[in-house]
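Participant: One file: start18.pdb (PDB, C-alpha atoms).
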ATOM      1  CA  MET A   1     -50.691  -1.263 -15.609
ATOM      2  CA  THR A   2     -52.571  -4.044 -13.854
ATOM      3  CA  THR A   3     -52.034  -7.585 -15.028
ATOM      4  CA  HIS A   4     -54.907  -9.913 -14.389
ATOM      5  CA  VAL A   5     -54.110 -13.517 -13.466
ATOM      6  CA  ARG A   6     -56.620 -15.883 -14.983
ATOM      7  CA  GLN A   7     -58.068 -18.122 -12.304
ATOM      8  CA  ARG A   8     -57.953 -21.772 -13.230
ATOM      9  CA  PRO A   9     -59.819 -24.493 -11.400
ATOM     10  CA  HIS A  10     -57.655 -26.481  -9.018
ATOM     11  CA  ALA A  11     -56.155 -29.629 -10.459
ATOM     12  CA  CYS A  12     -57.760 -31.497  -7.573
ATOM     13  CA  ASP A  13     -61.254 -30.051  -8.022
ATOM     14  CA  VAL A  14     -63.995 -32.103  -9.525
ATOM     15  CA  ASP A  15     -66.523 -30.409 -11.710
ATOM     16  CA  PRO A  16     -70.003 -29.547 -10.398
ATOM     17  CA  GLY A  17     -71.557 -32.188 -12.661
ATOM     18  CA  THR A  18     -69.509 -34.880 -10.975
ATOM     19  CA  ILE A  19     -70.618 -33.591  -7.578
ATOM     20  CA  ARG A  20     -74.276 -33.711  -8.667
ATOM     21  CA  ARG A  21     -73.834 -37.283  -9.952
ATOM     22  CA  PHE A  22     -72.036 -38.218  -6.730
ATOM     23  CA  ARG A  23     -74.953 -36.850  -4.688
ATOM     24  CA  ARG A  24     -77.316 -39.038  -6.740
ATOM     25  CA  GLY A  25     -75.218 -42.160  -6.018
ATOM     26  CA  ASP A  26     -73.425 -42.538  -9.362
ATOM     27  CA  PRO A  27     -70.535 -45.031  -8.892
ATOM     28  CA  ASP A  28     -68.536 -43.416 -11.732
ATOM     29  CA  ALA A  29     -68.677 -40.066  -9.923
ATOM     30  CA  LEU A  30     -67.511 -41.771  -6.745
ATOM     31  CA  ALA A  31     -64.581 -43.289  -8.670
ATOM     32  CA  GLU A  32     -63.600 -39.851  -9.997
ATOM     33  CA  ILE A  33     -63.796 -38.302  -6.523
ATOM     34  CA  TYR A  34     -61.745 -41.190  -5.171
ATOM     35  CA  ARG A  35     -59.044 -40.576  -7.811
ATOM     36  CA  HIS A  36     -58.871 -36.911  -6.841
ATOM     37  CA  TYR A  37     -58.966 -37.205  -3.052
ATOM     38  CA  ALA A  38     -57.802 -40.688  -1.996
ATOM     39  CA  ARG A  39     -54.210 -39.671  -1.374
ATOM     40  CA  ALA A  40     -55.168 -36.750   0.870
ATOM     41  CA  VAL A  41     -57.779 -38.822   2.728
ATOM     42  CA  TRP A  42     -55.164 -41.542   3.259
ATOM     43  CA  THR A  43     -52.810 -38.937   4.761
ATOM     44  CA  VAL A  44     -55.448 -37.687   7.213
ATOM     45  CA  ILE A  45     -56.198 -41.245   8.327
ATOM     46  CA  MET A  46     -52.543 -42.258   8.581
ATOM     47  CA  ARG A  47     -51.949 -39.370  11.016
ATOM     48  CA  VAL A  48     -54.457 -41.029  13.343
ATOM     49  CA  LEU A  49     -53.797 -44.742  12.855
ATOM     50  CA  ARG A  50     -50.085 -44.869  11.960
ATOM     51  CA  ASP A  51     -50.587 -48.295  10.377
ATOM     52  CA  ARG A  52     -50.584 -48.797   6.599
ATOM     53  CA  MET A  53     -53.006 -51.723   6.417
ATOM     54  CA  LEU A  54     -55.516 -50.150   8.775
ATOM     55  CA  THR A  55     -55.174 -46.846   6.904
ATOM     56  CA  GLU A  56     -55.892 -48.513   3.561
ATOM     57  CA  ASP A  57     -59.002 -50.181   4.976
ATOM     58  CA  ALA A  58     -60.143 -46.958   6.650
ATOM     59  CA  THR A  59     -59.628 -45.014   3.410
ATOM     60  CA  THR A  60     -61.937 -47.400   1.587
ATOM     61  CA  GLU A  61     -64.428 -47.215   4.435
ATOM     62  CA  THR A  62     -64.297 -43.398   4.298
ATOM     63  CA  PHE A  63     -65.348 -43.328   0.655
ATOM     64  CA  VAL A  64     -68.100 -45.882   1.282
ATOM     65  CA  ARG A  65     -69.419 -43.716   4.129
ATOM     66  CA  ALA A  66     -69.171 -40.605   1.959
ATOM     67  CA  TRP A  67     -71.072 -42.288  -0.850
ATOM     68  CA  ARG A  68     -73.798 -43.460   1.534
ATOM     69  CA  SER A  69     -74.283 -39.922   2.829
ATOM     70  CA  ALA A  70     -73.565 -38.122  -0.458
ATOM     71  CA  ASP A  71     -77.100 -36.781  -0.732
ATOM     72  CA  SER A  72     -76.487 -34.794   2.472
ATOM     73  CA  PHE A  73     -73.419 -33.023   1.036
ATOM     74  CA  ASN A  74     -73.989 -29.287   0.508
ATOM     75  CA  GLN A  75     -72.848 -28.528  -3.058
ATOM     76  CA  ASP A  76     -72.122 -24.913  -2.121
ATOM     77  CA  ARG A  77     -69.265 -26.015   0.150
ATOM     78  CA  ALA A  78     -65.854 -27.473  -0.637
ATOM     79  CA  LEU A  79     -65.790 -31.253  -0.909
ATOM     80  CA  ALA A  80     -62.331 -31.825   0.621
ATOM     81  CA  PRO A  81     -63.094 -30.644   4.199
ATOM     82  CA  TRP A  82     -66.285 -32.728   4.200
ATOM     83  CA  LEU A  83     -64.339 -35.824   3.099
ATOM     84  CA  PHE A  84     -61.557 -35.122   5.593
ATOM     85  CA  THR A  85     -64.069 -34.913   8.433
ATOM     86  CA  ILE A  86     -65.507 -38.289   7.430
ATOM     87  CA  ALA A  87     -61.944 -39.653   7.193
ATOM     88  CA  ARG A  88     -61.061 -38.428  10.680
ATOM     89  CA  ARG A  89     -64.215 -39.915  12.185
ATOM     90  CA  THR A  90     -63.649 -43.203  10.353
ATOM     91  CA  ALA A  91     -60.051 -43.342  11.581
ATOM     92  CA  ILE A  92     -61.172 -42.767  15.158
ATOM     93  CA  ASP A  93     -63.805 -45.512  14.823
ATOM     94  CA  VAL A  94     -61.222 -47.933  13.391
ATOM     95  CA  HIS A  95     -58.777 -47.029  16.149
ATOM     96  CA  ARG A  96     -61.348 -47.703  18.843
ATOM     97  CA  ARG A  97     -62.401 -50.963  17.202
ATOM     98  CA  GLU A  98     -58.833 -52.237  16.679
ATOM     99  CA  PHE A  99     -57.308 -51.098  19.945
ATOM    100  CA  ARG A 100     -60.205 -51.781  22.299
ATOM    101  CA  PRO A 101     -58.764 -53.223  25.503
ATOM    102  CA  THR A 102     -59.937 -56.646  26.556
ATOM    103  CA  ARG A 103     -61.151 -57.307  30.101
ATOM    104  CA  GLY A 104     -58.380 -56.637  32.586
ATOM    105  CA  ASP A 105     -56.141 -54.864  30.053
ATOM    106  CA  HIS A 106     -55.281 -51.224  30.374
ATOM    107  CA  ALA A 107     -56.199 -48.924  27.508
ATOM    108  CA  PRO A 108     -53.271 -48.447  25.149
ATOM    109  CA  GLU A 109     -51.399 -45.163  25.433
ATOM    110  CA  THR A 110     -52.355 -44.282  21.866
ATOM    111  CA  ASP A 111     -55.939 -43.705  23.013
ATOM    112  CA  VAL A 112     -54.810 -40.415  24.504
ATOM    113  CA  ALA A 113     -54.111 -38.700  21.170
ATOM    114  CA  ILE A 114     -56.292 -40.284  18.540
ATOM    115  CA  GLU A 115     -57.327 -37.039  16.888
ATOM    116  CA  PRO A 116     -54.938 -35.522  14.359
ATOM    117  CA  PRO A 117     -53.784 -31.943  14.824
ATOM    118  CA  GLY A 118     -56.567 -30.436  12.774
ATOM    119  CA  VAL A 119     -58.281 -31.711   9.664
ATOM    120  CA  GLU A 120     -58.507 -28.130   8.425
ATOM    121  CA  ASP A 121     -54.709 -27.804   8.697
ATOM    122  CA  ALA A 122     -54.206 -30.940   6.614
ATOM    123  CA  TRP A 123     -56.649 -29.656   4.015
ATOM    124  CA  MET A 124     -54.948 -26.257   3.825
ATOM    125  CA  ALA A 125     -51.486 -27.805   3.497
ATOM    126  CA  TRP A 126     -52.842 -30.017   0.733
ATOM    127  CA  GLU A 127     -54.329 -27.011  -1.067
ATOM    128  CA  VAL A 128     -51.000 -25.142  -0.858
ATOM    129  CA  ARG A 129     -49.099 -28.155  -2.222
ATOM    130  CA  ARG A 130     -51.569 -28.419  -5.104
ATOM    131  CA  ALA A 131     -51.265 -24.718  -5.894
ATOM    132  CA  LEU A 132     -47.465 -24.963  -5.850
ATOM    133  CA  ALA A 133     -47.561 -28.018  -8.112
ATOM    134  CA  ASP A 134     -49.657 -26.082 -10.637
ATOM    135  CA  LEU A 135     -47.077 -23.297 -10.994
ATOM    136  CA  PRO A 136     -44.892 -23.291 -14.090
ATOM    137  CA  ASP A 137     -41.592 -25.061 -13.361
ATOM    138  CA  ASP A 138     -39.454 -21.919 -13.591
ATOM    139  CA  GLU A 139     -41.635 -20.067 -11.065
ATOM    140  CA  ARG A 140     -41.849 -23.043  -8.704
ATOM    141  CA  VAL A 141     -38.047 -23.440  -8.699
ATOM    142  CA  ALA A 142     -37.550 -19.731  -7.973
ATOM    143  CA  LEU A 143     -39.989 -19.902  -5.037
ATOM    144  CA  TYR A 144     -38.397 -23.070  -3.716
ATOM    145  CA  LEU A 145     -34.934 -21.524  -3.733
ATOM    146  CA  SER A 146     -36.252 -18.345  -2.143
ATOM    147  CA  HIS A 147     -38.426 -19.842   0.598
ATOM    148  CA  PHE A 148     -36.989 -23.272   1.353
ATOM    149  CA  GLU A 149     -33.300 -22.669   0.712
ATOM    150  CA  GLN A 150     -33.655 -19.032   1.784
ATOM    151  CA  LEU A 151     -31.536 -17.688  -1.064
ATOM    152  CA  THR A 152     -31.623 -14.017  -2.045
ATOM    153  CA  HIS A 153     -32.723 -13.015  -5.537
ATOM    154  CA  GLY A 154     -29.071 -12.443  -6.414
ATOM    155  CA  GLU A 155     -28.088 -15.906  -5.181
ATOM    156  CA  ILE A 156     -30.934 -17.474  -7.152
ATOM    157  CA  ALA A 157     -29.818 -15.634 -10.296
ATOM    158  CA  THR A 158     -26.300 -16.970  -9.822
ATOM    159  CA  ARG A 159     -27.482 -20.520  -9.100
ATOM    160  CA  LEU A 160     -29.823 -20.623 -12.114
ATOM    161  CA  GLU A 161     -27.499 -18.583 -14.322
ATOM    162  CA  ILE A 162     -30.242 -16.147 -15.284
ATOM    163  CA  PRO A 163     -30.548 -12.349 -14.970
ATOM    164  CA  LEU A 164     -31.577 -10.878 -11.613
ATOM    165  CA  GLY A 165     -34.622  -9.209 -13.216
ATOM    166  CA  THR A 166     -35.836 -12.597 -14.452
ATOM    167  CA  VAL A 167     -35.661 -14.019 -10.923
ATOM    168  CA  LYS A 168     -37.622 -11.060  -9.564
ATOM    169  CA  SER A 169     -40.249 -11.417 -12.297
ATOM    170  CA  ARG A 170     -40.640 -15.152 -11.711
ATOM    171  CA  THR A 171     -41.014 -14.874  -7.954
ATOM    172  CA  HIS A 172     -43.420 -11.966  -8.295
ATOM    173  CA  ARG A 173     -45.595 -13.853 -10.811
ATOM    174  CA  ALA A 174     -45.482 -16.987  -8.664
ATOM    175  CA  HIS A 175     -46.593 -15.106  -5.544
ATOM    176  CA  ARG A 176     -49.397 -13.454  -7.490
ATOM    177  CA  ARG A 177     -50.583 -16.798  -8.909
ATOM    178  CA  LEU A 178     -50.477 -18.430  -5.480
ATOM    179  CA  ALA A 179     -52.422 -15.565  -3.925
ATOM    180  CA  GLU A 180     -55.102 -15.962  -6.584
ATOM    181  CA  ARG A 181     -55.227 -19.763  -6.348
ATOM    182  CA  LEU A 182     -55.345 -19.756  -2.560
ATOM    183  CA  ARG A 183     -57.800 -16.891  -2.141
ATOM    184  CA  HIS A 184     -60.457 -19.364  -0.984
ATOM    185  CA  LEU A 185     -58.324 -20.181   2.079
ATOM    186  CA  HIS A 186     -58.740 -16.605   3.289
ATOM    187  CA  ASP A 187     -62.456 -17.286   3.821
ATOM    188  CA  VAL A 188     -61.598 -20.388   5.857
ATOM    189  CA  LEU A 189     -59.107 -18.510   8.025
ATOM    190  CA  SER A 190     -61.368 -15.482   8.550
TER     191      SER A 190
END
Written as structure tokens, how would this file's structure read?
Facilitator:
Amino acid sequence: MTTHVRQRPHACDVDPGTIRRFRRGDPDALAEIYRHYARAVWTVIMRVLRDRMLTEDATTETFVRAWRSADSFNQDRALAPWLFTIARRTAIDVHRREFRPTRGDHAPETDVAIEPPGVEDAWMAWEVRRALADLPDDERVALYLSHFEQLTHGEIATRLEIPLGTVKSRTHRAHRRLAERLRHLHDVLS
């Protein structure tokens, strides 16, 4: 018997109507996109700048830049990688502007590694965290104990005081849901 997992939209996704309004310059659509993606954009920028105030300013600048070029966004692609690319470029611009050496000074050592270790990696980690957050609590706890605390199914059953079969069912369902929710990452990795 095959059980079909219903695919839900990601909690972080914005609907296609919002994307269309964003592309037309609608400030309300920009506000909705900001609510959904600001935290992740901030994280990408912070990896480059390592300064809270500069990161906050660069995050705002990222969304202004995105809004100004929204009409060039391809609706058939995912919005997050596009935003993260703008964020990375903005962070690099801010870094160069803020840490530009004056005459006679040597360039700061931080100029050597101003690019983060992969915008795509940050996006994928963010997608995995979102998918995990969307799991039912009982399944998420079972996966956490299995993968992060490296407990066996038997140890999880003992810890949670539930039958072994229940632990196996929860982890199996959780893996199946994650595979379905993260299927789009396979295309990125291929």
Participant: Closest to Val64 (chain A) among A:Ala133, A:Ala125, A:Ala38, A:Leu49, using all atoms listed in the file?
Facilitator: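 Comparing A:Ala133, A:Ala125, A:Ala38, A:Leu49 against Val64 (chain A), the winner is A:Ala38.
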Participant: How many Å separate CA of Leu79 (chain A) from CA of Ala179 (chain A)?
Facilitator: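 Between CA of Leu79 (chain A) and CA of Ala179 (chain A) the gap works out to 20.8 Å.
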Participant: Which residues, named as in the file, does the PyMOL selection byres ((chain A and resi 142) around 8) pick out? Answer as number ranges by chain.
Facilitator: A: 138-141, 143-146, 156, 167, 170-171
Participant: Do you have the CA of Thr59 (chain A)-CA of Leu182 (chain A) distance handy?
Facilitator: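 For CA of Thr59 (chain A) relative to CA of Leu182 (chain A), the distance reads 26.3 Å.
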Participant: Could you pull the residues within 9 Å of Trp42 (chain A), counting all atoms listed in the file, minus those fewer than 5 positions along the same chain, as a list in words?
Facilitator: Tyr37, Arg47, Thr55, Glu56, Ala58, Thr59 and Ala87 of chain A
Participant: Counting only C-alpha atoms, which residue out of A:His95, A:His153, A:His36, A:His175 sits closest to Arg50 (chain A)?
Facilitator: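 Of the candidates, the smallest distance to Arg50 (chain A) is held by A:His95.
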Participant: What's the 10 Å shell around Ile33 (chain A), counting only C-alpha atoms, without same-chain residues fewer than 5 positions away, as a list in words?
Facilitator: Cys12, Asp13, Val14, Asp15, Thr18, Ile19, Phe22, Pro27, Asp28, Ala38, Phe63, Leu79, Ala80 and Leu83 of chain A
Participant: The centre and edge lengths of an axis-aligned box containing all atoms of region 93-97 of chain A present in the file, extended by 3 Å on each side, are to be given in Å to one decimal, as lines of an AutoDock Vina configuration file.
Facilitator:
center_x = -61.3
center_y = -48.2
center_z = 16.1
size_x = 11.0
size_y = 11.5
size_z = 11.5
Participant: For a test of reading the model, state the distance in Å between CA of Ile45 (chain A) and CA of Thr90 (chain A), rounded to one decimal.
Facilitator: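 So the answer is 8.0 Å.
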Participant: Nearest to Pro136 (chain A) among A:Arg159, A:Ala174, A:Thr43, A:Phe99, with distances taken over only C-alpha atoms: which residue is it?
Facilitator: A:Ala174
Participant: (-56.1, -25.1, -0.8) in this file's frame - what residues fall within 9 Å of it? Use only C-alpha atoms and give the answer as an MDAnalysis selection string.
Facilitator: chainID A and resid 10 123:131 181:185
Participant: Please, could N, CA, C and O atoms be added to region 151-169 of chain A and the result written as a PDB file, keeping the file's coordinate frame?
Facilitator:
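Written out: result15.pdb:
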ATOM      1  N   LEU A 151     -32.507 -18.412  -0.251  1.00  0.00           N
ATOM      2  CA  LEU A 151     -31.536 -17.688  -1.064  1.00  0.00           C
ATOM      3  C   LEU A 151     -32.094 -16.318  -1.422  1.00  0.00           C
ATOM      4  O   LEU A 151     -33.306 -16.145  -1.558  1.00  0.00           O
ATOM      5  N   THR A 152     -31.216 -15.344  -1.582  1.00  0.00           N
ATOM      6  CA  THR A 152     -31.623 -14.017  -2.045  1.00  0.00           C
ATOM      7  C   THR A 152     -31.872 -14.090  -3.547  1.00  0.00           C
ATOM      8  O   THR A 152     -31.474 -15.053  -4.220  1.00  0.00           O
ATOM      9  N   HIS A 153     -32.506 -13.057  -4.087  1.00  0.00           N
ATOM     10  CA  HIS A 153     -32.723 -13.015  -5.537  1.00  0.00           C
ATOM     11  C   HIS A 153     -31.395 -13.096  -6.293  1.00  0.00           C
ATOM     12  O   HIS A 153     -31.292 -13.791  -7.304  1.00  0.00           O
ATOM     13  N   GLY A 154     -30.388 -12.409  -5.780  1.00  0.00           N
ATOM     14  CA  GLY A 154     -29.071 -12.443  -6.414  1.00  0.00           C
ATOM     15  C   GLY A 154     -28.467 -13.840  -6.406  1.00  0.00           C
ATOM     16  O   GLY A 154     -27.883 -14.287  -7.403  1.00  0.00           O
ATOM     17  N   GLU A 155     -28.617 -14.533  -5.284  1.00  0.00           N
ATOM     18  CA  GLU A 155     -28.088 -15.906  -5.181  1.00  0.00           C
ATOM     19  C   GLU A 155     -28.841 -16.858  -6.108  1.00  0.00           C
ATOM     20  O   GLU A 155     -28.247 -17.759  -6.703  1.00  0.00           O
ATOM     21  N   ILE A 156     -30.142 -16.639  -6.240  1.00  0.00           N
ATOM     22  CA  ILE A 156     -30.934 -17.474  -7.152  1.00  0.00           C
ATOM     23  C   ILE A 156     -30.484 -17.236  -8.590  1.00  0.00           C
ATOM     24  O   ILE A 156     -30.319 -18.185  -9.366  1.00  0.00           O
ATOM     25  N   ALA A 157     -30.274 -15.968  -8.941  1.00  0.00           N
ATOM     26  CA  ALA A 157     -29.818 -15.634 -10.296  1.00  0.00           C
ATOM     27  C   ALA A 157     -28.491 -16.324 -10.599  1.00  0.00           C
ATOM     28  O   ALA A 157     -28.306 -16.896 -11.687  1.00  0.00           O
ATOM     29  N   THR A 158     -27.594 -16.310  -9.641  1.00  0.00           N
ATOM     30  CA  THR A 158     -26.300 -16.970  -9.822  1.00  0.00           C
ATOM     31  C   THR A 158     -26.474 -18.478  -9.958  1.00  0.00           C
ATOM     32  O   THR A 158     -25.915 -19.103 -10.859  1.00  0.00           O
ATOM     33  N   ARG A 159     -27.269 -19.067  -9.081  1.00  0.00           N
ATOM     34  CA  ARG A 159     -27.482 -20.520  -9.100  1.00  0.00           C
ATOM     35  C   ARG A 159     -28.105 -20.967 -10.417  1.00  0.00           C
ATOM     36  O   ARG A 159     -27.711 -21.971 -10.990  1.00  0.00           O
ATOM     37  N   LEU A 160     -29.111 -20.229 -10.894  1.00  0.00           N
ATOM     38  CA  LEU A 160     -29.823 -20.623 -12.114  1.00  0.00           C
ATOM     39  C   LEU A 160     -29.180 -20.077 -13.389  1.00  0.00           C
ATOM     40  O   LEU A 160     -29.634 -20.398 -14.492  1.00  0.00           O
ATOM     41  N   GLU A 161     -28.189 -19.209 -13.192  1.00  0.00           N
ATOM     42  CA  GLU A 161     -27.499 -18.583 -14.322  1.00  0.00           C
ATOM     43  C   GLU A 161     -28.467 -17.823 -15.229  1.00  0.00           C
ATOM     44  O   GLU A 161     -28.499 -17.986 -16.446  1.00  0.00           O
ATOM     45  N   ILE A 162     -29.285 -16.994 -14.566  1.00  0.00           N
ATOM     46  CA  ILE A 162     -30.242 -16.147 -15.284  1.00  0.00           C
ATOM     47  C   ILE A 162     -30.132 -14.735 -14.718  1.00  0.00           C
ATOM     48  O   ILE A 162     -29.620 -14.544 -13.614  1.00  0.00           O
ATOM     49  N   PRO A 163     -30.630 -13.732 -15.463  1.00  0.00           N
ATOM     50  CA  PRO A 163     -30.548 -12.349 -14.970  1.00  0.00           C
ATOM     51  C   PRO A 163     -31.371 -12.147 -13.684  1.00  0.00           C
ATOM     52  O   PRO A 163     -32.395 -12.794 -13.468  1.00  0.00           O
ATOM     53  N   LEU A 164     -30.907 -11.214 -12.863  1.00  0.00           N
ATOM     54  CA  LEU A 164     -31.577 -10.878 -11.613  1.00  0.00           C
ATOM     55  C   LEU A 164     -33.028 -10.464 -11.860  1.00  0.00           C
ATOM     56  O   LEU A 164     -33.935 -10.869 -11.136  1.00  0.00           O
ATOM     57  N   GLY A 165     -33.264  -9.661 -12.898  1.00  0.00           N
ATOM     58  CA  GLY A 165     -34.622  -9.209 -13.216  1.00  0.00           C
ATOM     59  C   GLY A 165     -35.560 -10.374 -13.523  1.00  0.00           C
ATOM     60  O   GLY A 165     -36.744 -10.335 -13.189  1.00  0.00           O
ATOM     61  N   THR A 166     -35.026 -11.409 -14.151  1.00  0.00           N
ATOM     62  CA  THR A 166     -35.836 -12.597 -14.452  1.00  0.00           C
ATOM     63  C   THR A 166     -36.255 -13.294 -13.168  1.00  0.00           C
ATOM     64  O   THR A 166     -37.408 -13.733 -13.028  1.00  0.00           O
ATOM     65  N   VAL A 167     -35.345 -13.400 -12.215  1.00  0.00           N
ATOM     66  CA  VAL A 167     -35.661 -14.019 -10.923  1.00  0.00           C
ATOM     67  C   VAL A 167     -36.764 -13.223 -10.224  1.00  0.00           C
ATOM     68  O   VAL A 167     -37.742 -13.786  -9.730  1.00  0.00           O
ATOM     69  N   LYS A 168     -36.615 -11.908 -10.213  1.00  0.00           N
ATOM     70  CA  LYS A 168     -37.622 -11.060  -9.564  1.00  0.00           C
ATOM     71  C   LYS A 168     -38.981 -11.209 -10.243  1.00  0.00           C
ATOM     72  O   LYS A 168     -40.012 -11.283  -9.566  1.00  0.00           O
ATOM     73  N   SER A 169     -38.989 -11.255 -11.558  1.00  0.00           N
ATOM     74  CA  SER A 169     -40.249 -11.417 -12.297  1.00  0.00           C
ATOM     75  C   SER A 169     -40.901 -12.761 -11.979  1.00  0.00           C
ATOM     76  O   SER A 169     -42.112 -12.839 -11.754  1.00  0.00           O
TER      77      SER A 169
END
